[in-house]
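Asks: Coordinates in target.txt, compact mmCIF, C-alpha atoms and all ligand atoms, are listed below.
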```
# COMPACT_ATOMS: atom_id res chain seq x y z
CA MET A 1 -265.25 -25.61 -54.86
CA THR A 2 -261.61 -25.20 -54.01
CA GLN A 3 -259.52 -28.05 -52.67
CA ILE A 4 -256.34 -28.12 -50.62
CA LEU A 5 -253.55 -28.98 -53.06
CA VAL A 6 -250.68 -29.58 -50.66
CA GLY A 7 -249.52 -32.17 -48.15
CA PRO A 8 -249.83 -32.28 -44.33
CA ARG A 9 -246.48 -30.65 -43.49
CA SER A 10 -247.15 -27.65 -45.71
CA GLN A 11 -250.57 -27.35 -44.12
CA ASP A 12 -249.18 -27.52 -40.60
CA ILE A 13 -246.38 -25.01 -41.17
CA PHE A 14 -248.66 -22.63 -43.01
CA LYS A 15 -251.32 -22.71 -40.30
CA ARG A 16 -248.70 -21.97 -37.63
CA SER A 17 -247.18 -19.25 -39.82
CA ALA A 18 -250.54 -17.54 -40.06
CA GLU A 19 -250.44 -17.01 -36.27
CA ARG A 20 -247.19 -15.07 -36.45
CA ILE A 21 -247.05 -13.65 -39.99
CA PRO A 22 -250.09 -11.82 -41.39
CA GLY A 23 -251.83 -14.20 -43.74
CA GLY A 24 -248.97 -16.63 -43.24
CA VAL A 25 -246.89 -14.93 -45.96
CA ASN A 26 -244.40 -12.13 -46.35
CA SER A 27 -245.89 -11.09 -49.70
CA PRO A 28 -249.63 -11.49 -50.39
CA VAL A 29 -249.62 -13.31 -53.72
CA ARG A 30 -247.83 -16.30 -52.17
CA ALA A 31 -250.95 -17.34 -50.25
CA TRP A 32 -252.67 -19.28 -53.08
CA ALA A 33 -255.87 -17.39 -52.19
CA ARG A 34 -257.57 -18.54 -55.41
CA LEU A 35 -256.34 -22.14 -55.09
CA GLY A 36 -257.53 -23.45 -51.76
CA GLY A 37 -255.70 -20.89 -49.63
CA ILE A 38 -252.83 -23.08 -48.45
CA PRO A 39 -249.58 -22.88 -50.44
CA ALA A 40 -246.80 -25.40 -50.75
CA VAL A 41 -244.10 -24.58 -48.22
CA ILE A 42 -240.85 -24.89 -50.14
CA ARG A 43 -237.84 -26.76 -48.83
CA SER A 44 -235.40 -26.38 -51.71
CA GLY A 45 -234.92 -25.68 -55.37
CA ASP A 46 -232.58 -27.30 -57.87
CA GLY A 47 -232.46 -26.15 -61.49
CA ALA A 48 -236.01 -26.01 -62.83
CA TRP A 49 -237.46 -28.01 -59.93
CA LEU A 50 -238.81 -27.19 -56.49
CA THR A 51 -239.24 -29.59 -53.58
CA ASP A 52 -241.72 -28.81 -50.82
CA VAL A 53 -241.62 -29.86 -47.18
CA ASP A 54 -243.76 -32.93 -47.94
CA GLY A 55 -241.26 -34.04 -50.57
CA MET A 56 -243.56 -33.15 -53.47
CA ARG A 57 -241.67 -32.00 -56.58
CA TYR A 58 -242.77 -29.27 -58.98
CA LEU A 59 -241.48 -28.08 -62.32
CA ASP A 60 -241.17 -24.36 -61.63
CA PHE A 61 -242.47 -21.66 -63.99
CA VAL A 62 -242.72 -19.00 -61.29
CA LEU A 63 -238.96 -18.85 -60.68
CA SER A 64 -239.32 -16.61 -57.65
CA TRP A 65 -241.67 -14.40 -59.73
CA GLY A 66 -239.05 -13.78 -62.37
CA PRO A 67 -235.48 -13.43 -61.07
CA LEU A 68 -234.17 -16.96 -61.71
CA LEU A 69 -233.18 -16.91 -65.38
CA HIS A 70 -230.85 -19.86 -64.75
CA GLY A 71 -233.04 -21.79 -62.34
CA HIS A 72 -232.51 -22.54 -58.67
CA ALA A 73 -229.13 -22.77 -57.01
CA HIS A 74 -227.09 -22.53 -60.19
CA PRO A 75 -223.59 -23.62 -59.09
CA GLU A 76 -221.89 -20.51 -60.48
CA VAL A 77 -224.32 -18.15 -58.78
CA VAL A 78 -224.05 -20.06 -55.50
CA GLN A 79 -220.27 -19.96 -55.71
CA ALA A 80 -220.23 -16.22 -56.40
CA ILE A 81 -222.42 -15.70 -53.34
CA GLN A 82 -220.20 -17.86 -51.16
CA ILE A 83 -217.02 -16.11 -52.26
CA ALA A 84 -218.54 -12.66 -51.71
CA ALA A 85 -219.94 -13.61 -48.29
CA ALA A 86 -216.57 -14.90 -47.13
CA ASP A 87 -215.07 -11.47 -47.89
CA GLY A 88 -217.66 -9.60 -45.82
CA THR A 89 -221.41 -9.23 -46.14
CA SER A 90 -221.73 -5.44 -46.21
CA PHE A 91 -219.47 -2.40 -46.00
CA GLY A 92 -221.60 0.64 -46.65
CA ALA A 93 -218.70 1.79 -48.81
CA PRO A 94 -217.92 1.60 -52.54
CA ILE A 95 -216.79 -1.75 -53.97
CA GLN A 96 -215.40 -2.56 -57.40
CA ALA A 97 -218.18 -5.02 -58.23
CA GLU A 98 -220.72 -2.16 -58.16
CA LEU A 99 -218.80 -0.51 -61.00
CA GLU A 100 -218.71 -3.80 -62.92
CA LEU A 101 -222.45 -4.28 -62.60
CA ALA A 102 -223.14 -0.63 -63.53
CA GLU A 103 -221.01 -1.09 -66.65
CA VAL A 104 -222.80 -4.27 -67.67
CA LEU A 105 -226.20 -2.60 -67.26
CA CYS A 106 -225.26 0.60 -69.12
CA GLN A 107 -223.69 -1.36 -71.97
CA ALA A 108 -226.73 -3.58 -72.35
CA LEU A 109 -229.19 -0.66 -72.27
CA PRO A 110 -228.24 2.16 -74.67
CA SER A 111 -230.72 4.49 -72.92
CA MET A 112 -228.81 4.15 -69.65
CA ASP A 113 -225.86 6.52 -69.16
CA MET A 114 -225.82 6.19 -65.38
CA VAL A 115 -227.46 3.87 -62.89
CA ARG A 116 -228.09 3.61 -59.17
CA LEU A 117 -228.47 0.30 -57.37
CA VAL A 118 -231.22 -0.24 -54.79
CA ASN A 119 -232.73 -3.25 -53.01
CA SER A 120 -236.14 -3.83 -54.56
CA GLY A 121 -238.21 -2.97 -57.59
CA THR A 122 -240.49 -0.92 -55.37
CA GLU A 123 -237.55 1.21 -54.32
CA ALA A 124 -236.45 1.62 -57.93
CA THR A 125 -239.81 2.89 -59.21
CA MET A 126 -240.44 5.06 -56.16
CA SER A 127 -237.02 6.67 -56.51
CA ALA A 128 -237.34 7.10 -60.29
CA LEU A 129 -240.57 9.02 -59.77
CA ARG A 130 -239.04 11.28 -57.15
CA LEU A 131 -236.20 11.95 -59.55
CA ALA A 132 -238.65 12.67 -62.37
CA ARG A 133 -240.43 15.22 -60.17
CA ALA A 134 -237.12 16.76 -59.20
CA ALA A 135 -235.97 16.97 -62.81
CA THR A 136 -239.20 18.45 -64.19
CA GLY A 137 -240.45 20.47 -61.23
CA ARG A 138 -243.88 18.91 -61.78
CA ASP A 139 -246.06 16.72 -59.57
CA LEU A 140 -248.38 14.46 -61.55
CA ILE A 141 -247.55 11.00 -62.82
CA ILE A 142 -249.37 8.72 -65.23
CA LYS A 143 -249.64 4.98 -64.92
CA CYS A 144 -251.74 2.40 -66.75
CA ASP A 145 -254.75 0.56 -65.45
CA GLY A 146 -253.54 -2.87 -64.34
CA GLY A 147 -249.87 -1.84 -64.32
CA TYR A 148 -247.95 -2.83 -61.19
CA HIS A 149 -244.91 -0.85 -60.16
CA GLY A 150 -244.36 -1.97 -56.59
CA HIS A 151 -246.23 -0.95 -53.45
CA SER A 152 -245.28 2.69 -52.86
CA ASP A 153 -248.25 4.92 -52.01
CA GLN A 154 -248.40 6.83 -55.27
CA LEU A 155 -248.40 3.63 -57.34
CA LEU A 156 -251.02 1.58 -55.52
CA VAL A 157 -253.61 3.10 -57.76
CA ALA A 158 -255.23 1.29 -60.63
CA ALA A 159 -258.84 2.43 -60.74
CA GLY A 160 -260.35 4.10 -63.76
CA SER A 161 -261.38 2.82 -67.12
CA GLY A 162 -262.41 4.33 -70.41
CA VAL A 163 -261.41 7.86 -69.66
CA ALA A 164 -258.47 8.76 -67.49
CA THR A 165 -259.52 9.41 -63.95
CA PHE A 166 -257.75 10.79 -60.94
CA GLY A 167 -256.74 7.73 -59.00
CA HIS A 168 -258.16 6.36 -55.83
CA SER A 169 -255.93 3.98 -53.98
CA ASP A 170 -256.40 0.22 -54.06
CA SER A 171 -255.11 -0.07 -50.53
CA ALA A 172 -256.27 1.07 -47.13
CA GLY A 173 -253.75 3.40 -45.57
CA VAL A 174 -252.87 5.36 -48.68
CA SER A 175 -254.01 8.96 -48.33
CA ASP A 176 -256.00 10.44 -51.18
CA ALA A 177 -253.46 13.25 -51.33
CA PHE A 178 -250.93 10.73 -52.69
CA ALA A 179 -253.35 8.88 -54.90
CA GLN A 180 -254.51 12.10 -56.51
CA GLN A 181 -251.04 12.75 -57.87
CA THR A 182 -251.49 9.68 -60.06
CA LEU A 183 -253.50 9.65 -63.27
CA VAL A 184 -254.63 6.25 -64.49
CA VAL A 185 -255.03 5.57 -68.21
CA PRO A 186 -256.06 2.31 -69.92
CA TYR A 187 -253.19 0.20 -71.22
CA ASN A 188 -252.81 0.17 -75.00
CA ASP A 189 -255.12 3.17 -75.45
CA ALA A 190 -253.15 5.77 -77.41
CA GLN A 191 -256.08 8.19 -77.69
CA ALA A 192 -256.62 8.20 -73.92
CA MET A 193 -252.94 9.10 -73.48
CA THR A 194 -253.27 11.97 -75.96
CA ASP A 195 -256.33 13.19 -74.07
CA VAL A 196 -254.76 13.07 -70.62
CA PHE A 197 -251.72 14.98 -71.84
CA ALA A 198 -253.96 17.53 -73.53
CA ALA A 199 -255.75 18.08 -70.23
CA HIS A 200 -252.84 17.94 -67.76
CA GLY A 201 -249.64 18.03 -69.84
CA ASP A 202 -248.06 21.04 -68.13
CA ASN A 203 -248.20 19.32 -64.76
CA ILE A 204 -247.10 15.81 -65.72
CA ALA A 205 -243.65 14.84 -64.46
CA ALA A 206 -243.57 11.32 -65.88
CA LEU A 207 -245.40 8.46 -67.46
CA ILE A 208 -244.39 5.11 -65.98
CA ILE A 209 -245.26 1.92 -67.82
CA GLU A 210 -244.35 -1.74 -68.08
CA PRO A 211 -243.46 -1.86 -71.81
CA VAL A 212 -244.88 -5.39 -71.82
CA ALA A 213 -247.50 -5.61 -69.10
CA GLY A 214 -246.73 -8.54 -66.82
CA ASN A 215 -248.85 -7.92 -63.76
CA MET A 216 -252.30 -8.27 -65.31
CA GLY A 217 -251.16 -11.48 -66.85
CA MET A 218 -248.84 -10.95 -69.80
CA VAL A 219 -250.16 -8.37 -72.25
CA PRO A 220 -247.88 -7.08 -75.03
CA PRO A 221 -248.08 -3.48 -76.24
CA ALA A 222 -250.20 -2.79 -79.32
CA PRO A 223 -248.18 -1.84 -82.43
CA GLY A 224 -247.22 1.82 -82.21
CA PHE A 225 -248.40 2.29 -78.61
CA LEU A 226 -244.96 2.73 -77.03
CA GLU A 227 -243.82 4.94 -79.93
CA HIS A 228 -246.86 7.11 -79.27
CA LEU A 229 -245.95 7.40 -75.60
CA ARG A 230 -242.46 8.55 -76.57
CA THR A 231 -243.89 11.23 -78.85
CA VAL A 232 -246.52 12.54 -76.49
CA THR A 233 -244.22 12.68 -73.44
CA GLU A 234 -241.62 14.57 -75.47
CA GLN A 235 -244.22 17.03 -76.76
CA HIS A 236 -245.25 17.87 -73.22
CA GLY A 237 -241.85 17.83 -71.54
CA ALA A 238 -242.66 14.79 -69.40
CA LEU A 239 -240.28 11.91 -68.78
CA LEU A 240 -240.95 8.42 -70.08
CA ILE A 241 -240.07 5.75 -67.52
CA PHE A 242 -239.98 2.11 -68.58
CA ASP A 243 -240.53 -0.15 -65.61
CA GLU A 244 -238.54 -3.14 -66.80
CA VAL A 245 -238.29 -4.72 -63.36
CA MET A 246 -239.93 -7.81 -64.84
CA THR A 247 -238.97 -7.56 -68.52
CA GLY A 248 -235.38 -6.41 -68.03
CA PHE A 249 -232.91 -9.19 -68.97
CA ARG A 250 -235.99 -11.45 -69.13
CA VAL A 251 -237.49 -10.80 -72.58
CA ALA A 252 -234.14 -9.80 -74.11
CA TRP A 253 -230.57 -8.87 -73.22
CA GLY A 254 -231.09 -5.40 -71.76
CA GLY A 255 -234.84 -5.10 -71.92
CA TYR A 256 -237.91 -4.78 -74.08
CA GLN A 257 -236.66 -1.34 -75.17
CA ASN A 258 -233.96 -3.15 -77.17
CA ILE A 259 -236.70 -5.04 -79.04
CA CYS A 260 -239.15 -2.19 -79.63
CA GLY A 261 -236.55 0.48 -80.29
CA VAL A 262 -238.26 3.08 -78.11
CA THR A 263 -235.82 4.94 -75.86
CA PRO A 264 -237.11 5.87 -72.40
CA ASP A 265 -235.59 8.64 -70.27
CA LEU A 266 -235.36 6.39 -67.22
CA THR A 267 -235.53 2.62 -66.75
CA CYS A 268 -236.23 0.57 -63.65
CA LEU A 269 -234.70 -2.89 -63.30
CA GLY A 270 -234.96 -5.62 -60.66
CA LYS A 271 -235.67 -9.36 -60.56
CA VAL A 272 -233.21 -10.95 -63.07
CA ILE A 273 -230.42 -8.43 -62.42
CA GLY A 274 -230.19 -9.72 -58.85
CA GLY A 275 -230.25 -13.41 -59.73
CA GLY A 276 -232.46 -14.16 -56.71
CA MET A 277 -230.87 -11.71 -54.26
CA PRO A 278 -232.45 -8.38 -53.23
CA LEU A 279 -231.14 -6.07 -55.93
CA ALA A 280 -232.75 -3.56 -58.26
CA ALA A 281 -231.69 -0.44 -60.12
CA TYR A 282 -232.86 2.69 -61.85
CA GLY A 283 -230.96 4.65 -64.41
CA GLY A 284 -231.07 6.61 -67.63
CA ARG A 285 -230.03 9.95 -69.08
CA ALA A 286 -226.95 11.39 -67.38
CA ASP A 287 -228.42 14.90 -67.09
CA ILE A 288 -231.33 13.47 -65.10
CA MET A 289 -229.32 11.02 -62.99
CA LYS A 290 -226.96 13.84 -62.00
CA GLN A 291 -229.86 15.40 -60.10
CA LEU A 292 -229.36 12.69 -57.46
CA ALA A 293 -227.56 13.38 -54.19
CA PRO A 294 -224.69 13.78 -53.53
CA GLN A 295 -224.30 15.32 -56.99
CA GLY A 296 -227.71 17.00 -57.09
CA PRO A 297 -230.65 18.02 -54.92
CA CYS A 298 -232.79 14.84 -55.12
CA TYR A 299 -232.18 12.60 -52.11
CA GLN A 300 -232.17 8.82 -52.23
CA ALA A 301 -230.06 6.47 -50.11
CA GLY A 302 -229.77 2.92 -48.75
CA THR A 303 -227.71 1.20 -46.05
CA LEU A 304 -227.54 -2.03 -48.04
CA SER A 305 -227.68 -0.59 -51.57
CA GLY A 306 -225.10 -2.22 -53.83
CA ASN A 307 -224.71 -5.00 -51.29
CA PRO A 308 -221.64 -7.11 -52.15
CA ILE A 309 -223.44 -10.45 -52.04
CA ALA A 310 -226.38 -9.24 -54.11
CA VAL A 311 -224.09 -7.61 -56.66
CA ALA A 312 -221.97 -10.77 -56.91
CA ALA A 313 -225.08 -12.88 -57.52
CA GLY A 314 -226.38 -10.43 -60.09
CA LEU A 315 -223.09 -10.27 -61.95
CA ALA A 316 -222.75 -14.07 -61.97
CA ASN A 317 -226.30 -14.38 -63.29
CA LEU A 318 -225.71 -11.86 -66.10
CA ARG A 319 -222.33 -13.36 -67.02
CA LEU A 320 -223.94 -16.78 -67.34
CA THR A 321 -226.47 -15.18 -69.67
CA GLY A 322 -223.81 -13.60 -71.85
CA GLY A 323 -225.99 -11.73 -74.31
CA GLN A 324 -228.94 -11.88 -76.69
CA ALA A 325 -228.18 -15.38 -78.04
CA CYS A 326 -229.30 -16.85 -74.72
CA TYR A 327 -232.76 -15.30 -75.15
CA ASP A 328 -233.07 -16.40 -78.77
CA ASP A 329 -232.45 -19.98 -77.67
CA LEU A 330 -234.79 -19.73 -74.69
CA GLU A 331 -237.56 -18.32 -76.87
CA ILE A 332 -237.34 -21.16 -79.39
CA ARG A 333 -237.59 -23.79 -76.67
CA LEU A 334 -240.27 -21.93 -74.74
CA ARG A 335 -242.37 -21.55 -77.89
CA ARG A 336 -242.29 -25.29 -78.39
CA MET A 337 -243.70 -25.76 -74.92
CA VAL A 338 -246.35 -23.05 -75.06
CA ASP A 339 -247.44 -24.14 -78.55
CA GLY A 340 -247.65 -27.68 -77.19
CA ILE A 341 -249.85 -26.57 -74.30
CA ALA A 342 -252.01 -24.51 -76.67
CA CYS A 343 -252.38 -27.58 -78.87
CA GLU A 344 -253.60 -29.66 -75.90
CA ALA A 345 -256.05 -26.89 -75.03
CA LYS A 346 -257.36 -26.87 -78.57
CA LYS A 347 -257.84 -30.64 -78.53
CA ALA A 348 -259.80 -30.33 -75.29
CA GLY A 349 -261.85 -27.38 -76.51
CA LEU A 350 -260.40 -24.95 -73.96
CA PRO A 351 -260.03 -21.38 -75.28
CA PHE A 352 -256.39 -20.53 -74.67
CA GLN A 353 -254.60 -17.26 -75.45
CA SER A 354 -250.85 -17.29 -75.04
CA THR A 355 -247.89 -14.95 -75.49
CA VAL A 356 -244.13 -15.62 -75.55
CA ILE A 357 -241.34 -13.04 -75.61
CA GLY A 358 -237.81 -14.23 -74.82
CA SER A 359 -238.12 -16.27 -71.62
CA MET A 360 -241.39 -14.67 -70.46
CA TRP A 361 -244.77 -16.16 -71.22
CA GLY A 362 -248.37 -15.83 -70.27
CA TYR A 363 -251.75 -17.36 -70.92
CA PHE A 364 -255.40 -16.58 -70.45
CA ILE A 365 -258.38 -18.93 -70.60
CA SER A 366 -260.35 -16.61 -72.85
CA GLU A 367 -262.27 -16.70 -76.11
CA THR A 368 -260.97 -13.29 -77.13
CA PRO A 369 -257.48 -11.77 -77.17
CA VAL A 370 -256.49 -9.86 -74.05
CA THR A 371 -255.23 -6.32 -74.69
CA ASP A 372 -255.77 -4.45 -71.42
CA PHE A 373 -256.90 -4.87 -67.83
CA PRO A 374 -260.66 -5.12 -68.46
CA SER A 375 -260.17 -7.85 -71.06
CA ALA A 376 -257.78 -9.66 -68.69
CA ALA A 377 -260.36 -9.46 -65.91
CA ALA A 378 -263.02 -10.81 -68.29
CA ALA A 379 -261.11 -14.10 -68.81
CA ASP A 380 -262.68 -17.32 -67.53
CA MET A 381 -261.59 -17.45 -63.88
CA GLU A 382 -263.34 -20.69 -62.97
CA ARG A 383 -261.82 -22.71 -65.80
CA TRP A 384 -258.47 -21.05 -65.08
CA ARG A 385 -258.77 -22.25 -61.46
CA ILE A 386 -259.39 -25.83 -62.54
CA PHE A 387 -256.60 -25.74 -65.13
CA CYS A 388 -254.07 -24.24 -62.71
CA SER A 389 -255.03 -26.58 -59.84
CA GLU A 390 -254.64 -29.60 -62.11
CA MET A 391 -251.27 -28.38 -63.34
CA ILE A 392 -250.06 -28.06 -59.74
CA ARG A 393 -251.48 -31.49 -58.93
CA GLY A 394 -249.60 -32.77 -61.97
CA GLY A 395 -246.35 -31.31 -60.66
CA VAL A 396 -246.24 -28.08 -62.64
CA TYR A 397 -245.85 -24.97 -60.51
CA LEU A 398 -247.65 -22.11 -62.25
CA ALA A 399 -248.45 -18.76 -60.64
CA CYS A 400 -251.42 -19.08 -58.31
CA SER A 401 -253.22 -16.13 -59.93
CA PRO A 402 -254.63 -15.54 -63.43
CA PHE A 403 -253.05 -12.06 -63.39
CA GLU A 404 -249.44 -13.19 -63.34
CA ALA A 405 -246.92 -13.83 -66.08
CA ALA A 406 -244.91 -17.05 -66.25
CA PHE A 407 -241.21 -17.59 -66.81
CA PHE A 408 -238.75 -20.06 -68.28
CA SER A 409 -235.08 -20.71 -67.58
CA THR A 410 -231.95 -22.19 -69.07
CA ALA A 411 -232.38 -24.99 -66.51
CA HIS A 412 -235.57 -26.25 -68.18
CA THR A 413 -234.75 -29.27 -70.35
CA ASP A 414 -236.53 -30.74 -73.36
CA GLU A 415 -237.79 -33.47 -71.02
CA ASP A 416 -239.21 -30.80 -68.72
CA ILE A 417 -241.00 -29.26 -71.68
CA ASP A 418 -242.63 -32.60 -72.49
CA PHE A 419 -243.53 -33.08 -68.85
CA ALA A 420 -245.37 -29.74 -68.84
CA ILE A 421 -247.21 -30.50 -72.08
CA ASN A 422 -248.35 -33.87 -70.72
CA ALA A 423 -249.59 -32.29 -67.51
CA ALA A 424 -251.43 -29.70 -69.60
CA ALA A 425 -253.25 -32.42 -71.51
CA THR A 426 -254.78 -33.64 -68.25
CA ALA A 427 -255.42 -30.15 -66.93
CA CYS A 428 -257.13 -28.98 -70.13
CA ALA A 429 -259.37 -32.05 -70.11
CA ALA A 430 -260.31 -31.38 -66.47
CA ALA A 431 -261.09 -27.73 -67.20
CA THR A 432 -263.51 -28.66 -69.96
CA ALA A 433 -265.10 -31.67 -68.23
C1 LIG A 501 -242.04 -7.10 -59.33
C2 LIG A 501 -242.27 -5.76 -59.93
C3 LIG A 501 -242.05 -4.57 -59.20
C4 LIG A 501 -241.75 -4.57 -57.73
O1 LIG A 501 -240.53 -5.16 -57.43
P1 LIG A 501 -240.27 -5.66 -55.92
O2 LIG A 501 -238.86 -6.11 -55.95
O3 LIG A 501 -241.27 -6.73 -55.65
O4 LIG A 501 -240.48 -4.47 -55.04
C5 LIG A 501 -242.17 -3.37 -59.86
N1 LIG A 501 -242.50 -3.31 -61.16
C6 LIG A 501 -242.73 -4.43 -61.89
C7 LIG A 501 -243.05 -4.31 -63.34
C8 LIG A 501 -242.64 -5.68 -61.29
O5 LIG A 501 -242.91 -6.77 -62.01
```
For the file at hand, write its structure as structure tokens.

Replies:
Amino acid sequence: MTQILVGPRSQDIFKRSAERIPGGVNSPVRAWARLGGIPAVIRSGDGAWLTDVDGMRYLDFVLSWGPLLHGHAHPEVVQAIQIAAADGTSFGAPIQAELELAEVLCQALPSMDMVRLVNSGTEATMSALRLARAATGRDLIIKCDGGYHGHSDQLLVAAGSGVATFGHSDSAGVSDAFAQQTLVVPYNDAQAMTDVFAAHGDNIAALIIEPVAGNMGMVPPAPGFLEHLRTVTEQHGALLIFDEVMTGFRVAWGGYQNICGVTPDLTCLGKVIGGGMPLAAYGGRADIMKQLAPQGPCYQAGTLSGNPIAVAAGLANLRLTGGQACYDDLEIRLRRMVDGIACEAKKAGLPFQSTVIGSMWGYFISETPVTDFPSAAAADMERWRIFCSEMIRGGVYLACSPFEAAFFSTAHTDEDIDFAINAAATACAAATA
């Protein structure tokens, strides 16, 4: 049985929203479909805390699904936005701050010689794939089962397990002609990658992957897996694209590529680099990026790309971060919290698998380690639902799906960490009752 977790004002606004906005939300995962179907309607955020329209307060580990590395309404980010807005909200012309952000990104990511700014992660991955096709003259792409790369037609494909299969779309409205350009291979399966390249290598433009999966829950790469992808793509003349929209400036300064030492040809960024404003980017090897119009034949454009307010927010967010030391500190504090939650789970007899890298974390209620999409899907969904519902009831805002990663910010205090561990004690007990 699912119960409504939110107060009367949230319920009222959400019910009225559902008459005007499909499903009441502007992005499906917000609907709390697995948790009673009525989400908290948020009024404001301050640091690590959210307040909803009923005045209920939540310690936030969703952080707008990743962007808010420094919590809500950080004064320096807000000020940067205000200053930029007062100078004009959009020009459709070059501004100096675009250069500054491009330089920060290229310095932080050694694989990135050049970069183009766009408005969303979806746009970044979609454009990177077009560029990969332009640069290689090939059509096929490879993605992993359970990998999410935004909602463009060619990427809304996840079906297929065991052996690589030609994809069928997960969504109505995507023609098979698009879906069939996408080959789906299990995550963390090096042999399956070798096999798919052996079969189709001459036609593969690119392999796109989240170097740490974050959209099937958080699943780190197996040792050697990403190195293998680098080798096999190079052997077959295909590009390796790291989709670091979630992991970029979240698991480390730069991205996971700086931790694993594998150099992709192209990288997609989003979320943290915009500090909560619509901003994303794709970039990489200069010889590939120079294929983009107006320099080259591959077209990609955007009225609001490099928007002054978004760029100002992104720059302020990255300047606050400063470099790798910020992530080292976040990881130490986050580990204390996640270990504390795991300890409560153990006491209660709840099987709990957790992962922490930098300021990104994830958990599964599962007896066995999760290494790919099938093992993520085999986790205990009913006990997850009870655990997550009780956490929300206890004032801890976790993602409303078992297939989402969680995040941490510099705004979370040691007191907040203890608050979350205490709530987990209750939630773990409820989930094993
Ligand atoms: C969030 C996400 C995207 C899509 O970004 P949007 O800004 O929502 O379009 C793409 N790839 C990954 C890995 C993501 O986590």

Asks: Please tabulate, as CSV, the residues of stretch 155-269 of chain A that come within 10 Å of stretch 51-70 of chain A, each with its closest pair of atoms and the distance in Å to one decimal, counting all atoms listed in the file and ordering rows by chain, then residue number upward.

Replies:
```
residue,atom,partner,partner_atom,distance
A:Val245,CA,A:Gly66,CA,9.1
A:Met246,CA,A:Gly66,CA,6.5
A:Thr247,CA,A:Gly66,CA,8.7
A:Gly248,CA,A:Pro67,CA,9.9
A:Phe249,CA,A:Leu69,CA,8.5
A:Arg250,CA,A:Leu69,CA,7.2
```

Asks: Would you put the residues from that selection into a file with C-alpha atoms, as a JSON list (two decimals), in the coordinates of the input?

Replies:
```json
[["chain", "number", "residue", "atom", "x", "y", "z"],
["A", 245, "VAL", "CA", -238.29, -4.72, -63.36],
["A", 246, "MET", "CA", -239.93, -7.81, -64.84],
["A", 247, "THR", "CA", -238.97, -7.56, -68.52],
["A", 248, "GLY", "CA", -235.38, -6.41, -68.03],
["A", 249, "PHE", "CA", -232.91, -9.19, -68.97],
["A", 250, "ARG", "CA", -235.99, -11.45, -69.13]]
```

Asks: Which residues are near ligand LIG 501 (chain A) - at most 10 Å, using only C-alpha atoms and all ligand atoms? Format: as a ChimeraX atom specification.

Replies: /A:27,65-67,118-126,147-152,155,208-215,242-248,268-271,274,277-280,404-405

Asks: Between atom CA of A:Arg20 and atom CA of A:Leu156, measure the distance and give it in Å to one decimal.

Replies: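 Computed distance, atom CA of A:Arg20 to atom CA of A:Leu156, equals 25.6 Å.
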
Asks: Tell me, in Å to one decimal, how far atom CA of A:Glu382 is from atom CA of A:Ala172.

Replies: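 Interatomic distance here is 27.8 Å.
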
Asks: To box stretch 261-274 of chain A, take all atoms listed in the file, fit an axis-aligned box, add 3 Å on each side, and give centre and edge lengths in Å to one decimal, as AutoDock Vina command-line options.

Replies:
```
--center_x -234.2 --center_y -1.2 --center_z -69.6 --size_x 14.1 --size_y 25.6 --size_z 27.4
```

Asks: Quick one: pull the distance between atom CA of A:Val356 and atom CA of A:Thr410, Å, one decimal.

Replies: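 Spanning atom CA of A:Val356 to atom CA of A:Thr410 is a straight-line distance of 15.3 Å.
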
Asks: Restricting the calculation to all atoms listed in the file: of A:Ile204, A:Met114, A:Ala431, A:Ala128, which residue gets closest to A:Ile142?

Replies: A:Ile204

Asks: Taking (-227.9, 4.2, -66.5) as a centre in this file's frame and 12 Å as the limit, can you find every polymer residue with an atom that close, using all atoms listed in the file, and give them as JSON, numbers by chain?

Replies: {"A": [99, 101, 102, 103, 104, 105, 106, 107, 108, 109, 110, 111, 112, 113, 114, 115, 116, 117, 128, 254, 264, 265, 266, 267, 268, 269, 281, 282, 283, 284, 285, 286, 287, 288, 289, 290]}

Asks: Write out as an MDAnalysis selection string each polymer residue whose atoms come within 7 Å of A:Ile309, counting only C-alpha atoms; drop sequence neighbours fewer than 4 positions from it.

Replies: chainID A and resid 81 84:85 89 313

Asks: What does the file look like for those residues with C-alpha atoms, as an mmCIF file, keeping the file's coordinate frame?

Replies:
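Contents of result-v3.cif, as written:
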```
data_model
loop_
_atom_site.group_PDB
_atom_site.id
_atom_site.type_symbol
_atom_site.label_atom_id
_atom_site.label_comp_id
_atom_site.auth_asym_id
_atom_site.auth_seq_id
_atom_site.Cartn_x
_atom_site.Cartn_y
_atom_site.Cartn_z
ATOM 1 C CA ILE A 81 -222.420 -15.700 -53.340
ATOM 2 C CA ALA A 84 -218.540 -12.660 -51.710
ATOM 3 C CA ALA A 85 -219.940 -13.610 -48.290
ATOM 4 C CA THR A 89 -221.410 -9.230 -46.140
ATOM 5 C CA ALA A 313 -225.080 -12.880 -57.520
#
```

Asks: Have a look at A:Asp145, A:Asp176, A:Asp189, A:Glu234 and name the one nearest to A:Phe373; count all atoms listed in the file.

Replies: A:Asp145

Asks: Give me, as a ChimeraX atom specification, all polymer residues having an atom no more than 7 Å from stretch 34-45 of chain A, counting all atoms listed in the file and skipping those fewer than 5 positions away in the same chain.

Replies: /A:2-6,10-11,14,50-53,72-73,385,389,400-401

Asks: Counting only C-alpha atoms, what is within 10 Å of stretch 24-26 of chain A, bar same-chain residues fewer than 3 positions away, as a list in words?

Replies: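 Returned residues: Ile13, Phe14, Lys15, Arg16, Ser17, Ala18, Glu19, Arg20, Ile21, Val29, Arg30, Ala31, Ile38 and Pro39 of chain A.
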